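Coordinates from entry_7.csv are shown below (CSV, N, CA, C and O atoms).
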```csv
chain,number,residue,atom,x,y,z
L,26,MET,N,43.9,117.0,141.3
L,26,MET,CA,44.1,116.6,139.9
L,26,MET,C,43.9,117.8,139.0
L,26,MET,O,43.1,118.7,139.3
L,27,PRO,N,44.6,117.8,137.9
L,27,PRO,CA,44.5,118.9,137.0
L,27,PRO,C,43.1,119.2,136.5
L,27,PRO,O,42.6,120.3,136.3
L,28,SER,N,42.3,118.1,136.3
L,28,SER,CA,41.0,118.3,135.7
L,28,SER,C,40.0,118.9,136.7
L,28,SER,O,39.0,119.5,136.4
L,29,GLU,N,40.3,118.8,138.0
L,29,GLU,CA,39.5,119.4,139.1
L,29,GLU,C,39.7,120.9,139.2
L,29,GLU,O,38.9,121.6,139.8
L,30,SER,N,40.8,121.4,138.7
L,30,SER,CA,41.1,122.8,138.8
L,30,SER,C,40.4,123.6,137.8
L,30,SER,O,40.4,124.8,137.8
L,31,ASN,N,39.7,123.0,136.9
L,31,ASN,CA,38.9,123.7,135.9
L,31,ASN,C,37.7,124.4,136.5
L,31,ASN,O,37.2,124.0,137.6
L,32,ASP,N,37.2,125.5,135.9
L,32,ASP,CA,36.1,126.2,136.4
L,32,ASP,C,34.8,125.6,135.9
L,32,ASP,O,33.7,126.1,136.3
L,33,LYS,N,34.8,124.5,135.2
L,33,LYS,CA,33.6,123.8,134.7
L,33,LYS,C,32.9,123.1,135.8
L,33,LYS,O,33.5,122.5,136.6
L,34,THR,N,31.6,123.1,135.7
L,34,THR,CA,30.8,122.3,136.7
L,34,THR,C,30.7,120.9,136.1
L,34,THR,O,31.0,120.6,135.0
L,35,ASP,N,30.1,120.0,136.9
L,35,ASP,CA,29.9,118.6,136.4
L,35,ASP,C,29.0,118.5,135.2
L,35,ASP,O,29.1,117.6,134.4
L,36,GLN,N,28.1,119.5,135.1
L,36,GLN,CA,27.2,119.5,133.9
L,36,GLN,C,27.8,119.9,132.6
L,36,GLN,O,27.4,119.4,131.6
L,37,GLU,N,28.9,120.6,132.7
L,37,GLU,CA,29.6,121.1,131.5
L,37,GLU,C,30.7,120.1,131.0
L,37,GLU,O,31.2,120.3,129.9
L,38,VAL,N,31.0,119.1,131.9
L,38,VAL,CA,32.1,118.2,131.5
L,38,VAL,C,31.5,117.1,130.6
L,38,VAL,O,30.4,116.6,130.9
L,39,SER,N,32.2,116.7,129.6
L,39,SER,CA,31.7,115.7,128.7
L,39,SER,C,31.6,114.3,129.4
L,39,SER,O,32.4,114.1,130.3
L,40,PRO,N,30.7,113.4,128.9
L,40,PRO,CA,30.7,112.1,129.5
L,40,PRO,C,32.0,111.3,129.4
L,40,PRO,O,32.3,110.5,130.3
L,41,ALA,N,32.7,111.5,128.3
L,41,ALA,CA,34.0,110.9,128.2
L,41,ALA,C,35.0,111.3,129.3
L,41,ALA,O,35.7,110.5,129.8
L,42,ALA,N,35.0,112.6,129.6
L,42,ALA,CA,35.8,113.1,130.7
L,42,ALA,C,35.4,112.6,132.0
L,42,ALA,O,36.3,112.2,132.8
L,43,LYS,N,34.1,112.5,132.3
L,43,LYS,CA,33.6,111.9,133.5
L,43,LYS,C,34.1,110.4,133.6
L,43,LYS,O,34.5,110.0,134.7
L,44,GLN,N,33.9,109.7,132.5
L,44,GLN,CA,34.3,108.3,132.5
L,44,GLN,C,35.8,108.1,132.7
L,44,GLN,O,36.3,107.2,133.5
L,45,ALA,N,36.6,109.0,132.1
L,45,ALA,CA,38.1,108.9,132.3
L,45,ALA,C,38.4,109.2,133.8
L,45,ALA,O,39.3,108.6,134.4
L,46,ARG,N,37.8,110.2,134.4
L,46,ARG,CA,38.1,110.6,135.7
L,46,ARG,C,37.7,109.4,136.7
L,46,ARG,O,38.4,109.1,137.6
L,47,ASN,N,36.5,108.8,136.4
L,47,ASN,CA,36.1,107.7,137.2
L,47,ASN,C,37.0,106.5,137.1
L,47,ASN,O,37.4,105.9,138.1
L,48,PHE,N,37.5,106.2,135.9
L,48,PHE,CA,38.5,105.1,135.7
L,48,PHE,C,39.8,105.4,136.5
L,48,PHE,O,40.4,104.6,137.1
L,49,SER,N,40.2,106.7,136.4
L,49,SER,CA,41.4,107.1,137.1
L,49,SER,C,41.3,106.9,138.6
L,49,SER,O,42.3,106.4,139.2
L,50,ARG,N,40.2,107.3,139.2
L,50,ARG,CA,40.0,107.1,140.6
L,50,ARG,C,40.0,105.7,141.0
L,50,ARG,O,40.6,105.3,142.0
L,51,GLN,N,39.3,104.8,140.2
L,51,GLN,CA,39.2,103.4,140.5
L,51,GLN,C,40.6,102.8,140.4
L,51,GLN,O,41.0,101.9,141.2
L,52,ASN,N,41.4,103.2,139.4
L,52,ASN,CA,42.7,102.6,139.2
L,52,ASN,C,43.6,103.0,140.4
L,52,ASN,O,44.4,102.2,140.9
L,53,ALA,N,43.5,104.3,140.8
L,53,ALA,CA,44.3,104.8,142.0
L,53,ALA,C,44.0,104.0,143.2
L,53,ALA,O,44.8,103.6,144.0
L,54,MET,N,42.7,103.7,143.5
L,54,MET,CA,42.3,103.0,144.6
L,54,MET,C,42.7,101.6,144.6
L,54,MET,O,43.2,101.0,145.6
L,55,ALA,N,42.7,101.0,143.4
L,55,ALA,CA,43.1,99.6,143.3
L,55,ALA,C,44.6,99.4,143.5
L,55,ALA,O,45.1,98.4,144.0
L,56,MET,N,45.4,100.5,143.2
L,56,MET,CA,46.8,100.5,143.5
L,56,MET,C,47.1,100.8,145.0
L,56,MET,O,48.1,100.3,145.5
L,57,GLU,N,46.3,101.5,145.6
L,57,GLU,CA,46.5,102.0,147.0
L,57,GLU,C,46.1,100.9,148.1
L,57,GLU,O,46.8,100.7,149.1
L,58,LEU,N,45.0,100.2,147.9
L,58,LEU,CA,44.4,99.4,148.9
L,58,LEU,C,45.3,98.2,149.3
L,58,LEU,O,45.4,98.0,150.5
L,59,PRO,N,46.0,97.5,148.4
L,59,PRO,CA,46.9,96.5,148.9
L,59,PRO,C,48.0,97.0,149.8
L,59,PRO,O,48.4,96.3,150.8
L,60,PHE,N,48.6,98.1,149.5
L,60,PHE,CA,49.6,98.7,150.4
L,60,PHE,C,49.1,99.1,151.7
L,60,PHE,O,49.8,98.9,152.7
L,61,ILE,N,47.9,99.6,151.8
L,61,ILE,CA,47.3,99.9,153.1
L,61,ILE,C,47.1,98.6,153.9
L,61,ILE,O,47.5,98.6,155.1
L,62,PHE,N,46.6,97.6,153.3
L,62,PHE,CA,46.3,96.4,154.0
L,62,PHE,C,47.5,95.7,154.5
L,62,PHE,O,47.6,95.3,155.7
L,63,VAL,N,48.5,95.5,153.7
L,63,VAL,CA,49.8,94.9,154.1
L,63,VAL,C,50.5,95.8,155.0
L,63,VAL,O,51.1,95.3,156.0
L,64,GLY,N,50.5,97.1,154.8
L,64,GLY,CA,51.2,98.0,155.8
L,64,GLY,C,50.6,97.9,157.2
L,64,GLY,O,51.4,97.9,158.1
L,65,CYS,N,49.3,97.8,157.3
L,65,CYS,CA,48.8,97.6,158.7
L,65,CYS,C,49.2,96.3,159.3
L,65,CYS,O,49.5,96.3,160.5
L,66,MET,N,49.3,95.2,158.6
L,66,MET,CA,49.7,94.0,159.2
L,66,MET,C,51.2,94.0,159.5
L,66,MET,O,51.6,93.5,160.6
L,67,VAL,N,52.0,94.7,158.7
L,67,VAL,CA,53.4,94.8,159.0
L,67,VAL,C,53.7,95.6,160.2
L,67,VAL,O,54.5,95.3,161.1
L,68,VAL,N,53.0,96.7,160.3
L,68,VAL,CA,53.2,97.6,161.5
L,68,VAL,C,52.7,96.9,162.8
L,68,VAL,O,53.4,96.9,163.8
L,69,GLY,N,51.6,96.2,162.7
L,69,GLY,CA,51.1,95.5,163.9
L,69,GLY,C,52.1,94.4,164.3
L,69,GLY,O,52.4,94.2,165.4
L,70,GLY,N,52.6,93.6,163.3
L,70,GLY,CA,53.5,92.6,163.6
L,70,GLY,C,54.8,93.1,164.1
L,70,GLY,O,55.4,92.5,165.0
L,71,ALA,N,55.3,94.2,163.6
L,71,ALA,CA,56.5,94.8,164.1
L,71,ALA,C,56.4,95.3,165.5
L,71,ALA,O,57.3,95.1,166.3
L,72,ILE,N,55.3,95.9,165.8
L,72,ILE,CA,55.0,96.3,167.2
L,72,ILE,C,55.0,95.1,168.1
L,72,ILE,O,55.7,95.1,169.2
L,73,GLY,N,54.4,94.0,167.7
L,73,GLY,CA,54.4,92.8,168.5
L,73,GLY,C,55.7,92.2,168.6
L,73,GLY,O,56.1,91.7,169.7
L,74,TYR,N,56.5,92.2,167.6
L,74,TYR,CA,57.9,91.7,167.6
L,74,TYR,C,58.7,92.4,168.6
L,74,TYR,O,59.5,91.8,169.4
L,75,PHE,N,58.7,93.7,168.6
L,75,PHE,CA,59.5,94.5,169.5
L,75,PHE,C,59.1,94.4,170.9
L,75,PHE,O,59.9,94.4,171.9
L,76,LEU,N,57.7,94.3,171.1
L,76,LEU,CA,57.3,94.0,172.5
L,76,LEU,C,57.7,92.6,173.0
L,76,LEU,O,58.0,92.5,174.2
L,77,ASP,N,57.6,91.7,172.1
L,77,ASP,CA,58.1,90.3,172.4
L,77,ASP,C,59.6,90.3,172.8
L,77,ASP,O,60.0,89.7,173.8
L,78,ALA,N,60.4,91.0,172.1
L,78,ALA,CA,61.8,91.1,172.4
L,78,ALA,C,62.1,91.8,173.7
L,78,ALA,O,62.9,91.4,174.5
L,79,TRP,N,61.3,92.8,174.0
L,79,TRP,CA,61.4,93.6,175.2
L,79,TRP,C,60.9,92.8,176.5
L,79,TRP,O,61.6,92.8,177.5
L,80,LEU,N,59.8,92.1,176.3
L,80,LEU,CA,59.2,91.4,177.4
L,80,LEU,C,59.5,89.9,177.5
L,80,LEU,O,59.0,89.2,178.4
L,81,HIS,N,60.3,89.4,176.5
L,81,HIS,CA,60.7,88.0,176.4
L,81,HIS,C,59.5,87.1,176.4
L,81,HIS,O,59.4,86.1,177.1
L,82,THR,N,58.6,87.4,175.5
L,82,THR,CA,57.3,86.5,175.4
L,82,THR,C,57.2,86.1,174.0
L,82,THR,O,56.2,86.2,173.3
L,83,ARG,N,58.3,85.5,173.4
L,83,ARG,CA,58.3,85.1,172.0
L,83,ARG,C,57.0,84.4,171.6
L,83,ARG,O,56.5,83.7,172.3
L,84,PRO,N,56.6,84.4,170.5
L,84,PRO,CA,55.8,85.0,169.4
L,84,PRO,C,54.4,85.4,169.8
L,84,PRO,O,53.6,85.8,169.0
L,85,ALA,N,54.1,85.4,171.1
L,85,ALA,CA,52.7,85.6,171.5
L,85,ALA,C,52.2,87.0,171.1
L,85,ALA,O,51.2,87.1,170.4
L,86,LEU,N,52.9,88.1,171.4
L,86,LEU,CA,52.5,89.4,171.1
L,86,LEU,C,52.6,89.7,169.6
L,86,LEU,O,51.8,90.5,169.1
L,87,MET,N,53.5,89.1,169.0
L,87,MET,CA,53.6,89.3,167.5
L,87,MET,C,52.4,88.8,166.8
L,87,MET,O,51.9,89.4,165.9
L,88,ILE,N,51.9,87.6,167.2
L,88,ILE,CA,50.7,87.1,166.7
L,88,ILE,C,49.5,87.9,167.0
L,88,ILE,O,48.7,88.2,166.1
L,89,VAL,N,49.4,88.3,168.2
L,89,VAL,CA,48.3,89.2,168.7
L,89,VAL,C,48.2,90.5,167.9
L,89,VAL,O,47.2,90.9,167.4
L,90,PHE,N,49.4,91.2,167.9
L,90,PHE,CA,49.4,92.5,167.2
L,90,PHE,C,49.3,92.3,165.7
L,90,PHE,O,48.8,93.2,165.0
L,91,GLY,N,49.8,91.2,165.1
L,91,GLY,CA,49.6,90.9,163.7
L,91,GLY,C,48.1,90.7,163.4
L,91,GLY,O,47.6,91.2,162.3
L,92,ILE,N,47.4,90.1,164.2
L,92,ILE,CA,45.9,89.9,164.0
L,92,ILE,C,45.2,91.3,164.2
L,92,ILE,O,44.3,91.6,163.4
L,93,ILE,N,45.6,92.1,165.1
L,93,ILE,CA,45.1,93.4,165.3
L,93,ILE,C,45.4,94.2,164.1
L,93,ILE,O,44.5,95.0,163.6
L,94,GLY,N,46.6,94.1,163.5
L,94,GLY,CA,46.9,94.8,162.3
L,94,GLY,C,46.1,94.4,161.1
L,94,GLY,O,45.6,95.2,160.3
L,95,PHE,N,45.8,93.1,161.0
L,95,PHE,CA,45.0,92.5,160.0
L,95,PHE,C,43.6,93.1,160.1
L,95,PHE,O,43.0,93.5,159.1
L,96,ILE,N,43.0,93.1,161.3
L,96,ILE,CA,41.7,93.7,161.4
L,96,ILE,C,41.6,95.2,161.1
L,96,ILE,O,40.7,95.6,160.5
L,97,ALA,N,42.6,95.9,161.5
L,97,ALA,CA,42.7,97.3,161.2
L,97,ALA,C,42.8,97.6,159.7
L,97,ALA,O,42.2,98.5,159.2
L,98,GLY,N,43.6,96.8,159.1
L,98,GLY,CA,43.8,96.9,157.6
L,98,GLY,C,42.5,96.6,156.9
L,98,GLY,O,42.1,97.3,156.0
L,99,LEU,N,41.8,95.5,157.3
L,99,LEU,CA,40.6,95.2,156.7
L,99,LEU,C,39.5,96.2,156.9
L,99,LEU,O,38.8,96.6,156.0
L,100,ARG,N,39.5,96.8,158.1
L,100,ARG,CA,38.5,97.8,158.4
L,100,ARG,C,38.8,99.1,157.6
L,100,ARG,O,37.8,99.7,157.1
L,101,ASP,N,40.0,99.4,157.4
L,101,ASP,CA,40.4,100.6,156.6
L,101,ASP,C,40.1,100.4,155.2
L,101,ASP,O,39.5,101.3,154.5
L,102,VAL,N,40.3,99.3,154.6
L,102,VAL,CA,40.0,99.0,153.2
L,102,VAL,C,38.5,99.0,153.0
L,102,VAL,O,38.0,99.6,152.1
L,103,LEU,N,37.8,98.4,153.9
L,103,LEU,CA,36.3,98.4,153.8
L,103,LEU,C,35.7,99.8,153.9
L,103,LEU,O,34.8,100.2,153.2
L,104,ARG,N,36.3,100.6,154.8
L,104,ARG,CA,35.9,102.0,155.0
L,104,ARG,C,36.1,102.8,153.7
L,104,ARG,O,35.3,103.6,153.2
L,105,ARG,N,37.3,102.6,153.1
L,105,ARG,CA,37.6,103.4,151.8
L,105,ARG,C,36.7,102.9,150.7
L,105,ARG,O,36.3,103.7,149.8
L,106,LEU,N,36.4,101.6,150.6
L,106,LEU,CA,35.5,101.1,149.6
L,106,LEU,C,34.1,101.6,149.7
L,106,LEU,O,33.4,101.9,148.7
L,107,ARG,N,33.6,101.7,151.0
L,107,ARG,CA,32.3,102.2,151.2
L,107,ARG,C,32.2,103.7,150.9
L,107,ARG,O,31.1,104.2,150.4
L,108,LYS,N,33.2,104.4,151.1
L,108,LYS,CA,33.3,105.8,150.9
L,108,LYS,C,33.0,106.1,149.4
L,108,LYS,O,32.4,107.1,149.0
L,109,ASN,N,33.5,105.3,148.5
L,109,ASN,CA,33.3,105.5,147.1
L,109,ASN,C,32.2,104.7,146.6
L,109,ASN,O,31.7,104.8,145.6
```

For this file, write the structure as structure tokens.
Amino acid sequence: MPSESNDKTDQEVSPAAKQARNFSRQNAMAMELPFIFVGCMVVGGAIGYFLDAWLHTRPALMIVFGIIGFIAGLRDVLRRLRKN
């Protein structure tokens, strides 16, 4: 971010600038998390779909890998939320 390239330390930054930076980070995270969550489910379901087509086991593996994708997405979202 451009504001991070400044040579000012956190003590020299005004409270309004800190609040704006915090709001910007929260907004970016709110826009990013749904894509991560849905993306994990789609990738898991797609892997299951192609394995089902290859092994002729219609929809069993798609459901299993969709659930695995759901769990992976939920885990990643919770990890990112805990980080902040």

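Closest approach to Pro84 of chain L among L:Gly64, L:Pro40, L:Gly70, L:Pro59 is made by L:Gly70 (distances from only C-alpha atoms).
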
Contact residues around Phe95 of chain L with all atoms listed in the file at 7 Å, ignoring same-chain residues under 2 positions, as a PDB file with N, CA, C and O atoms, in the frame of the given file:
```pdb
ATOM      1  N   PHE L  62      46.600  97.600 153.300  1.00  0.00           N
ATOM      2  CA  PHE L  62      46.300  96.400 154.000  1.00  0.00           C
ATOM      3  C   PHE L  62      47.500  95.700 154.500  1.00  0.00           C
ATOM      4  O   PHE L  62      47.600  95.300 155.700  1.00  0.00           O
ATOM      5  N   CYS L  65      49.300  97.800 157.300  1.00  0.00           N
ATOM      6  CA  CYS L  65      48.800  97.600 158.700  1.00  0.00           C
ATOM      7  C   CYS L  65      49.200  96.300 159.300  1.00  0.00           C
ATOM      8  O   CYS L  65      49.500  96.300 160.500  1.00  0.00           O
ATOM      9  N   MET L  66      49.300  95.200 158.600  1.00  0.00           N
ATOM     10  CA  MET L  66      49.700  94.000 159.200  1.00  0.00           C
ATOM     11  C   MET L  66      51.200  94.000 159.500  1.00  0.00           C
ATOM     12  O   MET L  66      51.600  93.500 160.600  1.00  0.00           O
ATOM     13  N   VAL L  67      52.000  94.700 158.700  1.00  0.00           N
ATOM     14  CA  VAL L  67      53.400  94.800 159.000  1.00  0.00           C
ATOM     15  C   VAL L  67      53.700  95.600 160.200  1.00  0.00           C
ATOM     16  O   VAL L  67      54.500  95.300 161.100  1.00  0.00           O
ATOM     17  N   GLY L  69      51.600  96.200 162.700  1.00  0.00           N
ATOM     18  CA  GLY L  69      51.100  95.500 163.900  1.00  0.00           C
ATOM     19  C   GLY L  69      52.100  94.400 164.300  1.00  0.00           C
ATOM     20  O   GLY L  69      52.400  94.200 165.400  1.00  0.00           O
ATOM     21  N   VAL L  89      49.400  88.300 168.200  1.00  0.00           N
ATOM     22  CA  VAL L  89      48.300  89.200 168.700  1.00  0.00           C
ATOM     23  C   VAL L  89      48.200  90.500 167.900  1.00  0.00           C
ATOM     24  O   VAL L  89      47.200  90.900 167.400  1.00  0.00           O
ATOM     25  N   PHE L  90      49.400  91.200 167.900  1.00  0.00           N
ATOM     26  CA  PHE L  90      49.400  92.500 167.200  1.00  0.00           C
ATOM     27  C   PHE L  90      49.300  92.300 165.700  1.00  0.00           C
ATOM     28  O   PHE L  90      48.800  93.200 165.000  1.00  0.00           O
ATOM     29  N   GLY L  91      49.800  91.200 165.100  1.00  0.00           N
ATOM     30  CA  GLY L  91      49.600  90.900 163.700  1.00  0.00           C
ATOM     31  C   GLY L  91      48.100  90.700 163.400  1.00  0.00           C
ATOM     32  O   GLY L  91      47.600  91.200 162.300  1.00  0.00           O
ATOM     33  N   ILE L  92      47.400  90.100 164.200  1.00  0.00           N
ATOM     34  CA  ILE L  92      45.900  89.900 164.000  1.00  0.00           C
ATOM     35  C   ILE L  92      45.200  91.300 164.200  1.00  0.00           C
ATOM     36  O   ILE L  92      44.300  91.600 163.400  1.00  0.00           O
ATOM     37  N   ILE L  93      45.600  92.100 165.100  1.00  0.00           N
ATOM     38  CA  ILE L  93      45.100  93.400 165.300  1.00  0.00           C
ATOM     39  C   ILE L  93      45.400  94.200 164.100  1.00  0.00           C
ATOM     40  O   ILE L  93      44.500  95.000 163.600  1.00  0.00           O
ATOM     41  N   ALA L  97      42.600  95.900 161.500  1.00  0.00           N
ATOM     42  CA  ALA L  97      42.700  97.300 161.200  1.00  0.00           C
ATOM     43  C   ALA L  97      42.800  97.600 159.700  1.00  0.00           C
ATOM     44  O   ALA L  97      42.200  98.500 159.200  1.00  0.00           O
ATOM     45  N   GLY L  98      43.600  96.800 159.100  1.00  0.00           N
ATOM     46  CA  GLY L  98      43.800  96.900 157.600  1.00  0.00           C
ATOM     47  C   GLY L  98      42.500  96.600 156.900  1.00  0.00           C
ATOM     48  O   GLY L  98      42.100  97.300 156.000  1.00  0.00           O
ATOM     49  N   LEU L  99      41.800  95.500 157.300  1.00  0.00           N
ATOM     50  CA  LEU L  99      40.600  95.200 156.700  1.00  0.00           C
ATOM     51  C   LEU L  99      39.500  96.200 156.900  1.00  0.00           C
ATOM     52  O   LEU L  99      38.800  96.600 156.000  1.00  0.00           O
ATOM     53  N   ARG L 100      39.500  96.800 158.100  1.00  0.00           N
ATOM     54  CA  ARG L 100      38.500  97.800 158.400  1.00  0.00           C
ATOM     55  C   ARG L 100      38.800  99.100 157.600  1.00  0.00           C
ATOM     56  O   ARG L 100      37.800  99.700 157.100  1.00  0.00           O
ATOM     57  N   ASP L 101      40.000  99.400 157.400  1.00  0.00           N
ATOM     58  CA  ASP L 101      40.400 100.600 156.600  1.00  0.00           C
ATOM     59  C   ASP L 101      40.100 100.400 155.200  1.00  0.00           C
ATOM     60  O   ASP L 101      39.500 101.300 154.500  1.00  0.00           O
TER      61      ASP L 101
END
```

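Here atom C of Arg50 of chain L is placed at a distance of 20.9 Å from atom CA of Glu37 of chain L.
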
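Taking atom O of Ala71 of chain L and atom CA of Met87 of chain L as the two end points, the separation is 7.0 Å.
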
Go through chain L and collect every residue that DSSP, computed from the backbone, puts in helix (DSSP H, G or I); the answer should be as a PyMOL selection string.
chain L and resi 27-30+40-80+85-108

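Taking atom CA of Phe60 of chain L and atom CA of Ala78 of chain L as the two end points, the separation is 26.3 Å.
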